[in-house]
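A.B. asks: Once you've had a glance at the structure underneath, I'll fire off some questions.
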Amino acid sequence: MHGRDLVLPALLEVLLVHLVRACLIERAGLQATGWCAALGDEVIARSLRAVHERPADPWTVESLGAQAGLSRAAFARRFTALVGQPPHTYLTWWRLTVAAHLLQTTDVPLLTVAQRSGYGSVYAFANAFKREYGTSAGRYRQQHRSDHLHEKSTTTS
């Protein structure tokens, strides 16, 4: 069937997202903090969705609070209480997670990785990436790109 190789992985990803979300929502009632609890709170979940959908936007605690319909201070308190870390810390973690995924799965230049993950310069991105992962973005790409290609070739064979 034409396009099956393109459609099947996407469908599996959507299914996985729905399964994980259902599990997280179910478990949210059991936890006082964490991602599960945050997804159970529609106000904070709105800001999380915005960050996940648009990590490169110039987010501030104030703009995330506005996204959630709360003042900056109220949002920061509620987000920190539910997620277990401040909004800016979470945003940085998510942006670097996006960057790591791009490094593993694409050959786009580091400038593009930096921009897509919300960094205005390669220098700022490189420093943040090294702080989080303990290695340069280029070295990370070399180490993990070959792992990703090996996994991909064994799953499509």
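Labels for the structure tokens follow display order: chains A, B, ..., residues from 1 in each chain, ligands from 1.
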Would you list the contacts of range 93-105 of chain A as a VMD selection string, taking every protein, DNA or RNA residue within 12 Å and counting only C-alpha atoms, but skipping same-chain residues closer than 5 positions in sequence?

C.D. replies: chain A and resid 48 to 59 85 to 88 110 to 119 122 124 to 133 135 to 152

A.B. asks: For range 45-47 of chain A, please output as a VMD selection string all residues within 12 Å (counting only C-alpha atoms; exclusion window: fewer than 3 positions along the same chain).

C.D. replies: chain A and resid 21 25 34 to 42 50 to 55 59 to 70 75 to 76 78 to 79 82 to 83 87 to 88 90 to 91

A.B. asks: Only C-alpha atoms, please: the residues just picked out, written as a PDB file, in the first residue's frame.

C.D. replies:
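Printed below is result_21.pdb as written:
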ATOM      1  CA  ARG A  21      -2.587  10.918  28.252  1.00  0.00           C
ATOM      2  CA  ILE A  25      -5.155  11.685  33.650  1.00  0.00           C
ATOM      3  CA  GLY A  34       3.950  16.285  38.547  1.00  0.00           C
ATOM      4  CA  TRP A  35       2.995  16.250  34.947  1.00  0.00           C
ATOM      5  CA  CYS A  36      -0.022  14.031  35.631  1.00  0.00           C
ATOM      6  CA  ALA A  37      -1.468  16.461  38.139  1.00  0.00           C
ATOM      7  CA  ALA A  38      -0.763  19.406  35.842  1.00  0.00           C
ATOM      8  CA  LEU A  39      -2.586  17.800  32.920  1.00  0.00           C
ATOM      9  CA  GLY A  40      -5.567  17.258  35.202  1.00  0.00           C
ATOM     10  CA  ASP A  41      -5.728  21.001  35.852  1.00  0.00           C
ATOM     11  CA  GLU A  42      -7.253  22.575  32.729  1.00  0.00           C
ATOM     12  CA  ALA A  50       0.982  26.071  24.297  1.00  0.00           C
ATOM     13  CA  VAL A  51       4.604  25.440  25.302  1.00  0.00           C
ATOM     14  CA  HIS A  52       4.593  21.976  23.746  1.00  0.00           C
ATOM     15  CA  GLU A  53       2.996  23.152  20.509  1.00  0.00           C
ATOM     16  CA  ARG A  54       5.108  26.307  20.163  1.00  0.00           C
ATOM     17  CA  PRO A  55       8.379  25.924  22.093  1.00  0.00           C
ATOM     18  CA  TRP A  59       7.453  32.709  26.411  1.00  0.00           C
ATOM     19  CA  THR A  60       7.646  34.548  29.697  1.00  0.00           C
ATOM     20  CA  VAL A  61       5.981  33.655  32.973  1.00  0.00           C
ATOM     21  CA  GLU A  62       3.632  36.567  32.310  1.00  0.00           C
ATOM     22  CA  SER A  63       2.675  35.389  28.806  1.00  0.00           C
ATOM     23  CA  LEU A  64       2.187  31.815  30.023  1.00  0.00           C
ATOM     24  CA  GLY A  65       0.019  33.142  32.833  1.00  0.00           C
ATOM     25  CA  ALA A  66      -2.047  35.061  30.290  1.00  0.00           C
ATOM     26  CA  GLN A  67      -2.364  31.857  28.242  1.00  0.00           C
ATOM     27  CA  ALA A  68      -3.731  30.166  31.363  1.00  0.00           C
ATOM     28  CA  GLY A  69      -5.943  33.119  32.289  1.00  0.00           C
ATOM     29  CA  LEU A  70      -4.040  33.935  35.495  1.00  0.00           C
ATOM     30  CA  PHE A  75       0.248  31.284  37.511  1.00  0.00           C
ATOM     31  CA  ALA A  76       3.801  30.804  38.803  1.00  0.00           C
ATOM     32  CA  ARG A  78      -0.041  27.186  40.657  1.00  0.00           C
ATOM     33  CA  PHE A  79       2.317  25.874  37.956  1.00  0.00           C
ATOM     34  CA  LEU A  82       1.336  21.225  40.233  1.00  0.00           C
ATOM     35  CA  VAL A  83       4.337  20.546  37.996  1.00  0.00           C
ATOM     36  CA  PRO A  87       7.556  27.574  34.677  1.00  0.00           C
ATOM     37  CA  HIS A  88      10.883  28.852  33.338  1.00  0.00           C
ATOM     38  CA  TYR A  90      10.087  23.512  32.757  1.00  0.00           C
ATOM     39  CA  LEU A  91      10.213  25.638  29.598  1.00  0.00           C
TER      40      LEU A  91
END

A.B. asks: Enter the distance from CA of Ala73 in chain A to CA of Gly120 in chain A, in Å, rounded to one decimal.

C.D. replies: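 Value for the CA of Ala73 in chain A-CA of Gly120 in chain A distance: 25.9 Å.
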